[in-house]
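Enquirer: My structure is stored as target05.pdb, with PDB, C-alpha atoms, pLDDT in the B column.
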ATOM      1  CA  ALA A1182       0.000   0.000   0.000  1.00 35.00           C
ATOM      2  CA  SER A1183       1.210   3.489  -0.724  1.00 38.00           C
ATOM      3  CA  ALA A1184       1.736   6.051   2.007  1.00 43.00           C
ATOM      4  CA  ASP A1185      -1.447   7.805   0.856  1.00 45.00           C
ATOM      5  CA  ASP A1186      -3.749   4.830   1.403  1.00 46.00           C
ATOM      6  CA  GLY A1187      -6.395   5.290   4.056  1.00 47.00           C
ATOM      7  CA  LYS A1188      -6.316   9.073   4.004  1.00 50.00           C
ATOM      8  CA  ASP A1189      -9.379  10.436   5.761  1.00 59.00           C
ATOM      9  CA  GLY A1190      -8.501  14.029   5.001  1.00 70.00           C
ATOM     10  CA  GLU A1191     -10.326  16.917   6.590  1.00 70.00           C
ATOM     11  CA  LYS A1192     -13.933  17.220   7.654  1.00 62.00           C
ATOM     12  CA  PRO A1193     -15.521  20.644   7.279  1.00 55.00           C
ATOM     13  CA  ALA A1194     -16.476  21.903  10.740  1.00 58.00           C
ATOM     14  CA  GLY A1195     -17.639  25.492  10.255  1.00 68.00           C
ATOM     15  CA  GLN A1196     -14.772  27.644  11.485  1.00 89.00           C
ATOM     16  CA  GLY A1197     -13.440  24.749  13.515  1.00 94.00           C
ATOM     17  CA  ARG A1198     -11.123  22.191  12.001  1.00 95.00           C
ATOM     18  CA  GLU A1199     -10.755  18.434  12.165  1.00 96.00           C
ATOM     19  CA  ILE A1200      -7.825  16.838  10.330  1.00 96.00           C
ATOM     20  CA  SER A1201      -7.498  13.072  10.241  1.00 97.00           C
ATOM     21  CA  GLU A1202      -4.729  11.385   8.249  1.00 97.00           C
ATOM     22  CA  GLU A1203      -3.897   7.681   8.385  1.00 97.00           C
ATOM     23  CA  ASN A1204      -1.429   5.789   6.220  1.00 96.00           C
ATOM     24  CA  ASP A1205       1.156   3.011   6.560  1.00 94.00           C
ATOM     25  CA  LEU A1206       3.692   5.363   8.123  1.00 96.00           C
ATOM     26  CA  TYR A1207       1.687   7.371  10.615  1.00 98.00           C
ATOM     27  CA  ALA A1208      -1.686   8.410  12.015  1.00 98.00           C
ATOM     28  CA  PHE A1209      -2.201  12.126  12.629  1.00 98.00           C
ATOM     29  CA  SER A1210      -5.205  14.015  13.916  1.00 98.00           C
ATOM     30  CA  PHE A1211      -5.577  17.658  14.868  1.00 98.00           C
ATOM     31  CA  SER A1212      -8.719  19.526  15.831  1.00 98.00           C
ATOM     32  CA  TYR A1213     -10.006  22.760  17.307  1.00 97.00           C
ATOM     33  CA  PRO A1214     -13.577  23.999  17.848  1.00 97.00           C
ATOM     34  CA  GLU A1215     -15.398  26.830  16.108  1.00 95.00           C
ATOM     35  CA  THR A1216     -14.932  29.110  19.161  1.00 94.00           C
ATOM     36  CA  LEU A1217     -11.190  29.177  18.492  1.00 96.00           C
ATOM     37  CA  GLY A1218     -11.392  29.040  14.697  1.00 96.00           C
ATOM     38  CA  ALA A1219     -13.605  32.133  14.665  1.00 94.00           C
ATOM     39  CA  ILE A1220     -10.607  34.280  15.727  1.00 95.00           C
ATOM     40  CA  PRO A1221      -8.475  34.701  12.563  1.00 95.00           C
ATOM     41  CA  ALA A1222      -5.130  35.365  14.320  1.00 96.00           C
ATOM     42  CA  LEU A1223      -5.600  32.368  16.614  1.00 96.00           C
ATOM     43  CA  ARG A1224      -6.799  30.145  13.778  1.00 96.00           C
ATOM     44  CA  ASP A1225      -3.658  31.011  11.768  1.00 96.00           C
ATOM     45  CA  ARG A1226      -1.442  29.972  14.685  1.00 96.00           C
ATOM     46  CA  LEU A1227      -3.283  26.669  15.120  1.00 97.00           C
ATOM     47  CA  ASP A1228      -3.200  25.901  11.387  1.00 97.00           C
ATOM     48  CA  GLU A1229       0.527  26.648  11.350  1.00 97.00           C
ATOM     49  CA  GLN A1230       1.005  24.251  14.284  1.00 98.00           C
ATOM     50  CA  ALA A1231      -1.008  21.528  12.503  1.00 98.00           C
ATOM     51  CA  ASN A1232       1.205  21.796   9.399  1.00 97.00           C
ATOM     52  CA  ARG A1233       4.408  21.769  11.454  1.00 98.00           C
ATOM     53  CA  GLU A1234       3.366  18.841  13.655  1.00 98.00           C
ATOM     54  CA  GLU A1235       2.355  16.679  10.697  1.00 98.00           C
ATOM     55  CA  ALA A1236       5.555  17.483   8.768  1.00 98.00           C
ATOM     56  CA  ASP A1237       7.671  16.573  11.837  1.00 98.00           C
ATOM     57  CA  LEU A1238       5.712  13.353  12.356  1.00 98.00           C
ATOM     58  CA  GLN A1239       6.038  12.366   8.701  1.00 97.00           C
ATOM     59  CA  ARG A1240       9.803  12.940   8.778  1.00 98.00           C
ATOM     60  CA  ALA A1241      10.285  10.963  12.008  1.00 97.00           C
ATOM     61  CA  ALA A1242       8.077   8.106  10.793  1.00 98.00           C
ATOM     62  CA  ARG A1243       9.946   7.834   7.473  1.00 97.00           C
ATOM     63  CA  ASP A1244      13.297   7.684   9.281  1.00 97.00           C
ATOM     64  CA  ALA A1245      12.098   5.084  11.796  1.00 97.00           C
ATOM     65  CA  SER A1246      10.416   2.978   9.120  1.00 97.00           C
ATOM     66  CA  ARG A1247      13.564   2.966   6.974  1.00 96.00           C
ATOM     67  CA  GLU A1248      15.722   2.081   9.974  1.00 96.00           C
ATOM     68  CA  ALA A1249      13.383  -0.776  10.982  1.00 95.00           C
ATOM     69  CA  ARG A1250      13.445  -2.147   7.427  1.00 95.00           C
ATOM     70  CA  GLU A1251      17.237  -1.980   7.242  1.00 96.00           C
ATOM     71  CA  GLU A1252      17.626  -3.767  10.582  1.00 94.00           C
ATOM     72  CA  GLY A1253      14.901  -6.329   9.934  1.00 94.00           C
ATOM     73  CA  PHE A1254      12.550  -5.157  12.711  1.00 93.00           C
ATOM     74  CA  PRO A1255       8.783  -4.670  12.408  1.00 93.00           C
ATOM     75  CA  TYR A1256       7.740  -1.044  12.238  1.00 95.00           C
ATOM     76  CA  ASN A1257       4.874   0.099  14.477  1.00 95.00           C
ATOM     77  CA  ARG A1258       3.075   3.063  13.011  1.00 96.00           C
ATOM     78  CA  PHE A1259       3.797   6.406  14.725  1.00 98.00           C
ATOM     79  CA  MET A1260       0.872   8.457  16.001  1.00 98.00           C
ATOM     80  CA  VAL A1261       0.177  12.040  17.084  1.00 98.00           C
ATOM     81  CA  THR A1262      -3.245  13.284  18.185  1.00 98.00           C
ATOM     82  CA  ILE A1263      -3.806  16.916  19.217  1.00 98.00           C
ATOM     83  CA  GLU A1264      -7.132  18.349  20.316  1.00 98.00           C
ATOM     84  CA  TRP A1265      -7.540  21.991  21.315  1.00 98.00           C
ATOM     85  CA  ARG A1266     -10.482  22.988  23.498  1.00 97.00           C
ATOM     86  CA  LEU A1267     -11.775  26.001  25.409  1.00 97.00           C
ATOM     87  CA  ALA A1268     -11.390  25.565  29.189  1.00 96.00           C
ATOM     88  CA  GLY A1269     -12.783  28.940  30.228  1.00 95.00           C
ATOM     89  CA  GLN A1270     -13.272  32.532  29.153  1.00 95.00           C
ATOM     90  CA  THR A1271     -13.729  36.026  30.509  1.00 95.00           C
ATOM     91  CA  THR A1272     -14.268  39.372  28.784  1.00 93.00           C
ATOM     92  CA  ASP A1273     -10.530  39.712  28.086  1.00 94.00           C
ATOM     93  CA  TRP A1274      -9.197  36.146  28.005  1.00 96.00           C
ATOM     94  CA  LEU A1275      -9.707  32.686  26.571  1.00 97.00           C
ATOM     95  CA  SER A1276      -8.198  29.794  28.515  1.00 98.00           C
ATOM     96  CA  LEU A1277      -7.128  27.113  26.034  1.00 98.00           C
ATOM     97  CA  VAL A1278      -6.081  23.519  26.624  1.00 98.00           C
ATOM     98  CA  GLU A1279      -4.115  21.376  24.197  1.00 98.00           C
ATOM     99  CA  ASN A1280      -4.777  17.686  24.745  1.00 98.00           C
ATOM    100  CA  GLY A1281      -2.066  15.575  23.124  1.00 98.00           C
ATOM    101  CA  SER A1282      -1.176  11.905  22.805  1.00 97.00           C
ATOM    102  CA  THR A1283       1.784  10.393  20.968  1.00 97.00           C
ATOM    103  CA  TYR A1284       3.203   7.005  20.086  1.00 97.00           C
ATOM    104  CA  PHE A1285       6.757   6.720  18.753  1.00 96.00           C
ATOM    105  CA  GLY A1286       7.358   2.980  19.163  1.00 92.00           C
ATOM    106  CA  GLY A1287       8.139   1.270  22.443  1.00 86.00           C
ATOM    107  CA  ALA A1288       5.889  -0.336  25.021  1.00 87.00           C
ATOM    108  CA  HIS A1289       3.303   2.438  25.154  1.00 91.00           C
ATOM    109  CA  GLY A1290       2.569   5.963  24.030  1.00 94.00           C
ATOM    110  CA  ASN A1291       2.401   9.059  26.162  1.00 94.00           C
ATOM    111  CA  TYR A1292      -0.171  11.784  26.708  1.00 97.00           C
ATOM    112  CA  GLY A1293      -0.790  15.011  28.585  1.00 97.00           C
ATOM    113  CA  ILE A1294      -2.103  18.522  28.335  1.00 97.00           C
ATOM    114  CA  SER A1295      -0.667  22.000  28.038  1.00 97.00           C
ATOM    115  CA  SER A1296      -2.466  25.254  28.653  1.00 98.00           C
ATOM    116  CA  VAL A1297      -2.228  28.799  27.275  1.00 98.00           C
ATOM    117  CA  LEU A1298      -4.198  32.029  27.541  1.00 98.00           C
ATOM    118  CA  TRP A1299      -5.309  34.078  24.539  1.00 97.00           C
ATOM    119  CA  ASN A1300      -5.607  37.786  25.262  1.00 96.00           C
ATOM    120  CA  ILE A1301      -8.512  39.058  23.184  1.00 95.00           C
ATOM    121  CA  GLY A1302      -7.356  42.692  23.149  1.00 95.00           C
ATOM    122  CA  SER A1303      -3.688  42.209  22.238  1.00 96.00           C
ATOM    123  CA  GLN A1304      -4.286  38.995  20.204  1.00 95.00           C
ATOM    124  CA  ARG A1305      -1.389  37.316  22.012  1.00 95.00           C
ATOM    125  CA  LEU A1306      -0.786  33.956  23.655  1.00 95.00           C
ATOM    126  CA  LEU A1307       0.546  33.925  27.226  1.00 96.00           C
ATOM    127  CA  GLU A1308       1.383  31.284  29.809  1.00 97.00           C
ATOM    128  CA  PRO A1309      -1.290  31.230  32.567  1.00 97.00           C
ATOM    129  CA  MET A1310       1.425  31.706  35.210  1.00 97.00           C
ATOM    130  CA  MET A1311       2.162  35.145  33.670  1.00 96.00           C
ATOM    131  CA  LEU A1312      -0.982  36.454  35.394  1.00 96.00           C
ATOM    132  CA  PHE A1313       0.625  35.864  38.780  1.00 97.00           C
ATOM    133  CA  GLU A1314       3.524  37.585  40.543  1.00 97.00           C
ATOM    134  CA  SER A1315       5.745  34.496  40.288  1.00 96.00           C
ATOM    135  CA  LYS A1316       5.667  30.711  40.426  1.00 96.00           C
ATOM    136  CA  ASP A1317       6.937  30.786  44.002  1.00 96.00           C
ATOM    137  CA  ALA A1318       4.251  33.257  45.059  1.00 97.00           C
ATOM    138  CA  PHE A1319       1.577  31.121  43.417  1.00 98.00           C
ATOM    139  CA  ALA A1320       2.915  27.945  45.082  1.00 97.00           C
ATOM    140  CA  GLN A1321       2.890  29.674  48.475  1.00 97.00           C
ATOM    141  CA  ALA A1322      -0.666  30.873  47.889  1.00 97.00           C
ATOM    142  CA  LEU A1323      -1.752  27.265  47.304  1.00 97.00           C
ATOM    143  CA  GLY A1324      -0.353  26.284  50.718  1.00 94.00           C
ATOM    144  CA  ASN A1325      -1.132  22.604  51.306  1.00 95.00           C
ATOM    145  CA  ARG A1326      -4.388  22.625  49.332  1.00 97.00           C
ATOM    146  CA  PHE A1327      -2.919  21.046  46.206  1.00 97.00           C
ATOM    147  CA  CYS A1328      -0.779  18.437  47.987  1.00 95.00           C
ATOM    148  CA  ASP A1329      -3.651  17.380  50.261  1.00 96.00           C
ATOM    149  CA  ALA A1330      -6.107  17.050  47.367  1.00 97.00           C
ATOM    150  CA  LEU A1331      -3.541  15.125  45.303  1.00 96.00           C
ATOM    151  CA  ASP A1332      -2.860  12.722  48.191  1.00 94.00           C
ATOM    152  CA  ALA A1333      -6.607  12.099  48.554  1.00 95.00           C
ATOM    153  CA  GLN A1334      -6.753  11.089  44.872  1.00 95.00           C
ATOM    154  CA  ARG A1335      -3.623   8.951  45.228  1.00 93.00           C
ATOM    155  CA  MET A1336      -5.114   7.128  48.216  1.00 91.00           C
ATOM    156  CA  ALA A1337      -8.306   6.417  46.289  1.00 93.00           C
ATOM    157  CA  ARG A1338      -6.294   4.888  43.440  1.00 92.00           C
ATOM    158  CA  ARG A1339      -3.949   2.968  45.732  1.00 88.00           C
ATOM    159  CA  GLY A1340      -6.534   1.257  47.876  1.00 86.00           C
ATOM    160  CA  GLY A1341      -6.756   3.722  50.732  1.00 78.00           C
ATOM    161  CA  GLU A1342      -3.190   4.149  51.894  1.00 75.00           C
ATOM    162  CA  LEU A1343       0.022   5.947  51.001  1.00 76.00           C
ATOM    163  CA  ASP A1344       3.520   4.638  51.619  1.00 72.00           C
ATOM    164  CA  GLU A1345       5.446   7.012  53.830  1.00 67.00           C
ATOM    165  CA  GLY A1346       8.499   6.934  51.567  1.00 64.00           C
ATOM    166  CA  ASP A1347      10.087   9.960  49.947  1.00 57.00           C
ATOM    167  CA  ASP A1348      10.234   8.409  46.487  1.00 75.00           C
ATOM    168  CA  THR A1349       9.108  10.010  43.243  1.00 74.00           C
ATOM    169  CA  PHE A1350       5.489   8.891  43.427  1.00 87.00           C
ATOM    170  CA  ASN A1351       4.752   9.895  47.024  1.00 88.00           C
ATOM    171  CA  ARG A1352       6.250  13.383  47.144  1.00 90.00           C
ATOM    172  CA  CYS A1353       4.260  16.476  46.229  1.00 92.00           C
ATOM    173  CA  PRO A1354       5.309  17.577  42.708  1.00 94.00           C
ATOM    174  CA  ASP A1355       6.937  20.972  42.293  1.00 95.00           C
ATOM    175  CA  ILE A1356       4.916  23.718  40.589  1.00 96.00           C
ATOM    176  CA  ASP A1357       7.348  23.517  37.614  1.00 95.00           C
ATOM    177  CA  GLU A1358       6.245  19.931  36.946  1.00 96.00           C
ATOM    178  CA  LEU A1359       2.554  20.806  36.766  1.00 97.00           C
ATOM    179  CA  GLU A1360       0.401  22.422  34.120  1.00 98.00           C
ATOM    180  CA  LEU A1361      -1.799  25.293  35.311  1.00 98.00           C
ATOM    181  CA  VAL A1362      -5.231  25.656  33.699  1.00 98.00           C
ATOM    182  CA  LEU A1363      -7.573  28.555  34.500  1.00 98.00           C
ATOM    183  CA  LEU A1364     -11.275  27.651  34.617  1.00 98.00           C
ATOM    184  CA  SER A1365     -14.105  30.182  34.529  1.00 95.00           C
ATOM    185  CA  ASN A1366     -17.764  30.544  35.405  1.00 89.00           C
ATOM    186  CA  GLY A1367     -18.224  32.595  32.216  1.00 83.00           C
ATOM    187  CA  THR A1368     -17.383  35.994  33.694  1.00 88.00           C
ATOM    188  CA  LYS A1369     -14.206  35.439  35.714  1.00 93.00           C
ATOM    189  CA  PHE A1370     -11.601  32.776  36.401  1.00 96.00           C
ATOM    190  CA  ASP A1371     -12.958  31.265  39.611  1.00 96.00           C
ATOM    191  CA  ARG A1372     -11.078  27.927  39.669  1.00 97.00           C
ATOM    192  CA  VAL A1373      -7.617  26.643  38.860  1.00 98.00           C
ATOM    193  CA  MET A1374      -6.791  23.142  37.719  1.00 98.00           C
ATOM    194  CA  LEU A1375      -3.317  21.713  38.320  1.00 98.00           C
ATOM    195  CA  TYR A1376      -2.455  18.845  36.022  1.00 98.00           C
ATOM    196  CA  ALA A1377       0.162  16.155  36.607  1.00 97.00           C
ATOM    197  CA  ALA A1378       1.020  14.072  33.543  1.00 96.00           C
ATOM    198  CA  PRO A1379       1.772  10.332  33.794  1.00 95.00           C
ATOM    199  CA  TYR A1380       4.996   9.705  35.788  1.00 93.00           C
ATOM    200  CA  VAL A1381       4.780  13.099  37.549  1.00 95.00           C
ATOM    201  CA  ALA A1382       2.619  12.115  40.530  1.00 94.00           C
ATOM    202  CA  GLY A1383       2.373   8.361  40.080  1.00 92.00           C
ATOM    203  CA  PRO A1384       3.521   5.460  37.904  1.00 91.00           C
ATOM    204  CA  TYR A1385       2.288   5.259  34.297  1.00 92.00           C
ATOM    205  CA  VAL A1386      -0.375   2.704  35.225  1.00 91.00           C
ATOM    206  CA  GLU A1387      -2.047   5.237  37.561  1.00 93.00           C
ATOM    207  CA  GLY A1388      -2.490   7.694  34.722  1.00 95.00           C
ATOM    208  CA  ASP A1389      -2.597  11.459  35.040  1.00 97.00           C
ATOM    209  CA  TYR A1390      -3.978  13.547  37.894  1.00 97.00           C
ATOM    210  CA  GLU A1391      -6.231  16.614  37.749  1.00 98.00           C
ATOM    211  CA  VAL A1392      -6.675  18.686  40.911  1.00 98.00           C
ATOM    212  CA  GLU A1393      -9.262  21.473  40.754  1.00 98.00           C
ATOM    213  CA  LEU A1394      -9.203  24.206  43.400  1.00 98.00           C
ATOM    214  CA  SER A1395     -11.377  27.277  43.904  1.00 97.00           C
ATOM    215  CA  VAL A1396      -9.687  30.677  43.617  1.00 97.00           C
ATOM    216  CA  ASP A1397      -9.497  31.950  47.194  1.00 97.00           C
ATOM    217  CA  ASP A1398      -8.184  35.183  48.749  1.00 97.00           C
ATOM    218  CA  ALA A1399      -4.624  33.823  48.926  1.00 97.00           C
ATOM    219  CA  ILE A1400      -4.566  33.154  45.165  1.00 98.00           C
ATOM    220  CA  ARG A1401      -6.239  36.485  44.364  1.00 97.00           C
ATOM    221  CA  ALA A1402      -3.561  38.261  46.433  1.00 98.00           C
ATOM    222  CA  VAL A1403      -0.755  37.082  44.092  1.00 98.00           C
ATOM    223  CA  VAL A1404      -2.456  38.093  40.834  1.00 97.00           C
ATOM    224  CA  LYS A1405      -0.395  40.778  39.058  1.00 93.00           C
TER     225      LYS A1405
END
Could you show the structure in this file as structure tokens?
Expert:
Amino acid sequence: ASADDGKDGEKPAGQGREISEENDLYAFSFSYPETLGAIPALRDRLDEQANREEADLQRAARDASREAREEGFPYNRFMVTIEWRLAGQTTDWLSLVENGSTYFGGAHGNYGISSVLWNIGSQRLLEPMMLFESKDAFAQALGNRFCDALDAQRMARRGGELDEGDDTFNRCPDIDELELVLLSNGTKFDRVMLYAAPYVAGPYVEGDYEVELSVDDAIRAVVK
């Protein structure tokens, strides 16, 4: 079969976009909803990312496939899936989440999210942490709320108890290892979600962790 076999192409989705491409070398999908596609400057950035990601995937898959053939190994098709969604919005900001999963050979793939803010007035993307005085200030404002909520989730997944060791999967992850997502009630950001990808807060088999916390006075006090 040629590398073009099985191409699903692109489904029209109003101002949203849904790309789906499958062939012998790779499977690629990329989507974003109409809410994001309706903003021309943001849509251009997302389309540019889609083109870049697929070109990178195609290049990597060709190299790996050729190497597997030369060494007599089976080639397992590479895969990248990216889905953008709206996590919250206010008058001035859109909170965007990129949900991604990848497979580049090996025992299993990987997955996780990243988050950005779109400023409606300046038409710019910013890291959510830029709204706060600093990472340290934000971490201090959280106090023990995040660690306690994370441990409660860990206990639920681990049968009701935590080992008292100081190893990777029992400690409280540093703020640098987490992804910050701002969630809104439609008028203001009233909740934060802290996301730990697989391996950050537990072994791969436990999956990822999402801890949602209300915005309290301590968090409001460290907003720039």
Enquirer: As a list in words, please: the residues near A:Glu1308 (cut-off 8 Å, only C-alpha atoms, same-chain neighbours under 5 positions excluded).
Expert: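 These residues fall inside the cut-off: Ser1296, Val1297 and Leu1298 of chain A.
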Enquirer: Dump C-alpha atoms for the selected residues as a compact mmCIF listing (two decimals), in the coordinates of the input?
Expert:
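What ended up in result00.txt:
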# COMPACT_ATOMS: atom_id res chain seq x y z
CA SER A 1296 -2.47 25.25 28.65
CA VAL A 1297 -2.23 28.80 27.28
CA LEU A 1298 -4.20 32.03 27.54
Enquirer: Mind telling me what the PyMOL selection byres ((chain A and resi 1353) around 8) catches here, as a count of residues only?
Expert: 7
Enquirer: Choose the residue, out of A:Ala1378, A:Thr1349, A:Leu1343, A:Ile1220, that has the smallest atom-to-atom separation from A:Arg1305; count only C-alpha atoms.
Expert: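 The shortest atom-to-atom distance to A:Arg1305 comes from A:Ile1220.
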Enquirer: By how many Å are atom CA of A:Trp1265 and atom CA of A:Glu1235 apart?
Expert: 15.5 Å
Enquirer: Have a look at atom CA of A:Asp1397 and atom CA of A:Asp1371 and let me know their distance in Å, one decimal.
Expert: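 Computed distance, atom CA of A:Asp1397 to atom CA of A:Asp1371, equals 8.4 Å.
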Enquirer: Do you know which residues are at most 12 Å from A:Ala1333 counting only C-alpha atoms, after dropping those on the same chain fewer than 4 positions away, and could you put them as number ranges by chain?
Expert: A: 1326-1329, 1337-1343, 1351, 1353, 1390-1392
Enquirer: With all atoms listed in the file as the counted atoms, please give the residues lying no more than 7 Å from stretch 1206-1215 of chain A, apart from itself and same-chain residues fewer than 5 positions off, as a PyMOL selection string.
Expert: chain A and resi 1184+1195-1201+1231+1235+1239+1242-1243+1258-1266
Enquirer: Figure out the distance between atom CA of A:Ser1295 and atom CA of A:Asn1280, please, to one decimal in Å.
Expert: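 About the pair atom CA of A:Asn1280 and atom CA of A:Ser1295: they are 6.8 Å apart.
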Enquirer: Which residue is closest to A:Pro1384? Choose from A:Glu1234, A:Asp1348, A:Asp1273, A:Glu1251 and count all atoms listed in the file.
Expert: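 The answer is A:Asp1348, which sits nearest to A:Pro1384.
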Enquirer: Neighbours of stretch 1268-1272 of chain A within 8 Å (only C-alpha atoms; same-chain residues fewer than 5 positions away dropped), as a list in words?
Expert: Leu1277, Val1278, Val1362, Leu1363, Leu1364, Ser1365, Asn1366, Gly1367, Thr1368, Lys1369 and Phe1370 of chain A
Enquirer: Write out as a PyMOL selection string which residues come within 7 Å of A:Leu1394 when counting all atoms listed in the file, dropping same-chain ones fewer than 3 positions away.
Expert: chain A and resi 1372-1374
Enquirer: Could you tell me which of A:Ser1315, A:Gln1334, A:Thr1216, A:Asn1257 comes closest to A:Leu1275 if we count all atoms listed in the file?
Expert: A:Thr1216
Enquirer: Please determine, counting only C-alpha atoms, which residue among A:Glu1387, A:Glu1248, A:Asp1398, A:Asp1237 has the shortest atom-to-atom distance to A:Ala1322.
Expert: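 Under the stated criterion, the closest residue is A:Asp1398.
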Enquirer: Just checking: using all atoms listed in the file, which residue out of A:Asp1357, A:Glu1279, A:Asp1344, A:Asp1389 ends up closest to A:Met1310?
Expert: A:Asp1357
Enquirer: Would you place a box with edges along x, y and z of the file around all atoms of stretch 1210-1220 of chain A listed there, add 5 Å to each of its six sides, and report the centre and edge lengths in Å to one decimal, as JSON?
Expert:
{"center_x": -10.3, "center_y": 24.1, "center_z": 16.5, "size_x": 20.2, "size_y": 30.3, "size_z": 15.2}
